[in-house]
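Trainee: One structure, pasted below without further comment.
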Amino acid sequence: MYKVELATKLADRVYEYWISAPQVARHARAGQFIILRLHEKGERIPLTISAVKGDAVRVIFMAVGKTTQELAMLRPGDSISDVVGPLGKPSEIENYGTCCVIGGGVGIASTPLIAKELKAAGNHVIGIIGARSADLLILEDEMREICDDLYITTDDGSKGVHGFASDVLKKLLEERTIDRVWIIGPAIMMKVTSGVTVPYGVKTYVSLNPIMVDGTGMCGSCRVTVGKETKFACVDGPEFDAHQVDFNELMQRQRIYMGQEKVSLERFAEHRCRCGEGGGHHE
């Protein structure tokens, strides 16, 4: 069993958990993830490793589906049945020169570890983090501490630049040389933002989040098309060359079980009502 050491609500439906998992913490690198299962009858879900401290790893997630809502109900001291990791290939960290790390929404969770390792490798690190509005922005202080420069964007203009991360990236590319770019966020955001770097020929990485089951390459559910070849995000990724990814296929496959996910969530809500349970403990 893996104990929840700390549980904090960062924004609406967005939670930060520190989980004691010594074997993961010892080996975790930027870009990697864990798969956890809450209990024997629970589903397996992948979550990016956002940070490591001692024997604990941090995950940040949005409570959207049945399992993430159930996870959001755990309190410090509660246990998770299974935590497997670190999984996936680490980010390709070298001393490139100037690197830009971009996070959108909950995808910001992946940015500190990448930025930290890039900084340690001797790079000048520019961070761009964006959300729909200021109250949904996470990890601003942490990223400001790590990065040499940090830009904030909000869709509604409530904080920082009124617009998108792609707008800031385009302006930066016009003004200076950027050697590598990392983008983590919703698929459509990664598609649009990575498109900005194409004319400049800047190597750009995206961390893909397809449906995933076992995390070891056996089930095939996380398959994605990269450079017209089939890859498995769990073992070949999750980071890939953004300019080679078939984002349209990725987004289509992400929606394949929406009907079943809706039914599962409704049944979970009904069960909680019957048991007399209220909202999550962080509310």
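In the structure tokens, chains take the letters A, B, ... in the order shown, each chain's residues start at 1, and ligands count up from 1 in the order shown.
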Leaving out stretch 20-29 of chain A and any residue of its chain fewer than 3 positions from it, which residues lie within 8 Å of it when counting only C-alpha atoms, given as a tab-separated table (two decimals) with C-alpha atoms, in the first residue's frame?
Mentor:
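To be explicit, this is the file written out as out_36.tsv:
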chain	number	residue	atom	x	y	z
A	2	TYR	CA	1.16	3.54	-0.80
A	3	LYS	CA	0.31	6.28	1.69
A	4	VAL	CA	-0.98	9.71	0.73
A	5	GLU	CA	1.30	12.09	2.65
A	32	GLN	CA	8.05	9.96	-16.80
A	49	ILE	CA	5.39	12.57	-12.03
A	52	VAL	CA	10.09	14.17	-6.21
A	53	LYS	CA	10.97	14.83	-2.57
A	54	GLY	CA	12.62	12.16	-0.43
A	55	ASP	CA	10.59	8.96	-0.76
A	56	ALA	CA	7.52	10.75	-2.13
A	57	VAL	CA	6.36	11.66	-5.63
A	83	VAL	CA	1.63	2.53	-7.70
A	84	VAL	CA	3.79	1.40	-10.62
A	85	GLY	CA	6.65	3.42	-12.05
A	86	PRO	CA	8.57	5.27	-13.16
A	90	PRO	CA	12.64	10.27	-19.67
A	91	SER	CA	12.84	13.65	-21.40
A	113	LEU	CA	10.68	18.63	-13.33
Trainee: Pick out the residues sitting within 9 Å of A:Leu10, and hand them over as a list in words; count only C-alpha atoms, and ignore anything fewer than 3 positions along from it in its own chain.
Mentor: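 Contacts, in chain order: Arg13, Val14, Tyr15, Glu16, Ile60, Leu136, Leu137, Ile138 and Leu139 of chain A.
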Trainee: Please, could you write that set of residues out with N, CA and C atoms as a PDB file, in the first residue's frame?
Mentor:
ATOM      1  N   ARG A  13     -11.392  21.696  -8.958  1.00  0.00           N
ATOM      2  CA  ARG A  13     -11.263  20.282  -9.355  1.00  0.00           C
ATOM      3  C   ARG A  13      -9.822  19.840  -9.610  1.00  0.00           C
ATOM      4  N   VAL A  14      -8.846  20.676  -9.272  1.00  0.00           N
ATOM      5  CA  VAL A  14      -7.434  20.331  -9.491  1.00  0.00           C
ATOM      6  C   VAL A  14      -6.752  20.083  -8.136  1.00  0.00           C
ATOM      7  N   TYR A  15      -6.115  18.913  -8.006  1.00  0.00           N
ATOM      8  CA  TYR A  15      -5.555  18.486  -6.729  1.00  0.00           C
ATOM      9  C   TYR A  15      -4.082  18.110  -6.862  1.00  0.00           C
ATOM     10  N   GLU A  16      -3.353  18.372  -5.781  1.00  0.00           N
ATOM     11  CA  GLU A  16      -1.939  18.021  -5.688  1.00  0.00           C
ATOM     12  C   GLU A  16      -1.792  16.978  -4.586  1.00  0.00           C
ATOM     13  N   ILE A  60      -0.363  15.689  -9.909  1.00  0.00           N
ATOM     14  CA  ILE A  60      -1.385  16.730  -9.951  1.00  0.00           C
ATOM     15  C   ILE A  60      -2.406  16.309 -10.992  1.00  0.00           C
ATOM     16  N   LEU A 136      -7.432  29.283 -12.333  1.00  0.00           N
ATOM     17  CA  LEU A 136      -7.102  27.911 -12.727  1.00  0.00           C
ATOM     18  C   LEU A 136      -5.599  27.721 -12.950  1.00  0.00           C
ATOM     19  N   LEU A 137      -4.844  28.799 -12.769  1.00  0.00           N
ATOM     20  CA  LEU A 137      -3.393  28.738 -12.978  1.00  0.00           C
ATOM     21  C   LEU A 137      -2.724  28.056 -11.783  1.00  0.00           C
ATOM     22  N   ILE A 138      -1.825  27.116 -12.058  1.00  0.00           N
ATOM     23  CA  ILE A 138      -1.156  26.392 -10.972  1.00  0.00           C
ATOM     24  C   ILE A 138       0.378  26.488 -11.101  1.00  0.00           C
ATOM     25  N   LEU A 139       1.058  26.330  -9.980  1.00  0.00           N
ATOM     26  CA  LEU A 139       2.521  26.231  -9.893  1.00  0.00           C
ATOM     27  C   LEU A 139       3.278  27.461 -10.402  1.00  0.00           C
TER      28      LEU A 139
END
Trainee: Write out as a ChimeraX atom specification each polymer residue whose atoms come within 10 Å of stretch 206-217 of chain A, counting only C-alpha atoms; drop sequence neighbours fewer than 3 positions from it.
Mentor: /A:31-35,43-48,84-85,87-88,91,102,107,110,181-187,190-191,193-194,220-224,231-243,245,247,250-257
Trainee: From the set A:Tyr200, A:Ile80, A:Met73, A:Glu140, which residue has the shortest atom-to-atom contact distance to A:Gly103, counting only C-alpha atoms?
Mentor: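 Distance minimum relative to A:Gly103 lands on A:Glu140.
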Trainee: Please provide as a ChimeraX atom specification all residues within 12 Å of stretch 144-153 of chain A, with the sequence filter that same-chain residues fewer than 6 positions apart are discarded (counting only C-alpha atoms).
Mentor: /A:98-105,108,111-120,122-134,136-138,159-169,171-172
Trainee: Which is closest to A:Leu6 among A:Arg267, A:His39, A:Lys66, A:Arg58, if we use only C-alpha atoms?
Mentor: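 Nearest candidate to A:Leu6 out of A:Arg267, A:His39, A:Lys66, A:Arg58: A:Arg58.
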Trainee: Pull the strand (DSSP E or B) assignments for stretch 80-263 of chain A out of DSSP run on the backbone, and list those residues as a PyMOL selection string.
Mentor: chain A and resi 80+82-87+98-104+124-131+149-154+161-162+180-184+203-207+223-226+229-232+239-241+245
Trainee: When DSSP is applied to the backbone of this structure, which of stretch 50-108 of chain A are assigned alpha helix (DSSP H)? Write them out as a ChimeraX atom specification.
Mentor: /A:66-71
Trainee: Atom CA of A:Phe61 and atom CA of A:Asp156, how far apart in Å?
Mentor: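 Pair atom CA of A:Asp156 / atom CA of A:Phe61 returns 22.3 Å.
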Trainee: Record the distance separating atom CA of A:Ile178 and atom CA of A:Val196, expressed in Å with one decimal.
Mentor: 12.3 Å
Trainee: Could you check which of A:Val202, A:Ala51, A:Val64, A:Met218 is closest to A:Met143, using only C-alpha atoms?
Mentor: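 With only C-alpha atoms as the atom set, the closest residue is A:Ala51.
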Trainee: Work out how far atom CA of A:Arg180 is from atom CA of A:Tyr96, in Å to one decimal.
Mentor: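 Pair atom CA of A:Tyr96 / atom CA of A:Arg180 returns 7.0 Å.
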Trainee: Would you kindly return, as a list in words, each protein, DNA or RNA residue with an atom no farther than 8 Å from any atom of A:Ala121, considering only C-alpha atoms and excluding same-chain residues fewer than 6 positions away?
Mentor: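 In the requested form, the answer reads Ile93, Glu94 and Asn95 of chain A.
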Trainee: Next, write the just-selected residues to a file, as a short mmCIF file (atom, residue, chain, number, x, y, z; two decimals), in the first residue's frame, keeping N, CA and C atoms as the atom set.
Mentor:
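Saved to part-v8.cif:
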data_model
loop_
_atom_site.label_atom_id
_atom_site.label_comp_id
_atom_site.auth_asym_id
_atom_site.auth_seq_id
_atom_site.Cartn_x
_atom_site.Cartn_y
_atom_site.Cartn_z
N ILE A 93 17.19 15.32 -22.04
CA ILE A 93 17.81 16.51 -21.44
C ILE A 93 19.29 16.57 -21.76
N GLU A 94 19.68 17.68 -22.39
CA GLU A 94 21.09 17.98 -22.65
C GLU A 94 21.28 19.49 -22.53
N ASN A 95 22.50 19.96 -22.69
CA ASN A 95 22.75 21.39 -22.72
C ASN A 95 22.57 21.87 -24.16
#
Trainee: Which is closer to A:Gly42 than all the others in A:Asp12, A:Asp82, A:Glu229, A:Asp135, using only C-alpha atoms?
Mentor: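 For A:Gly42, the nearest of the candidates is A:Asp82.
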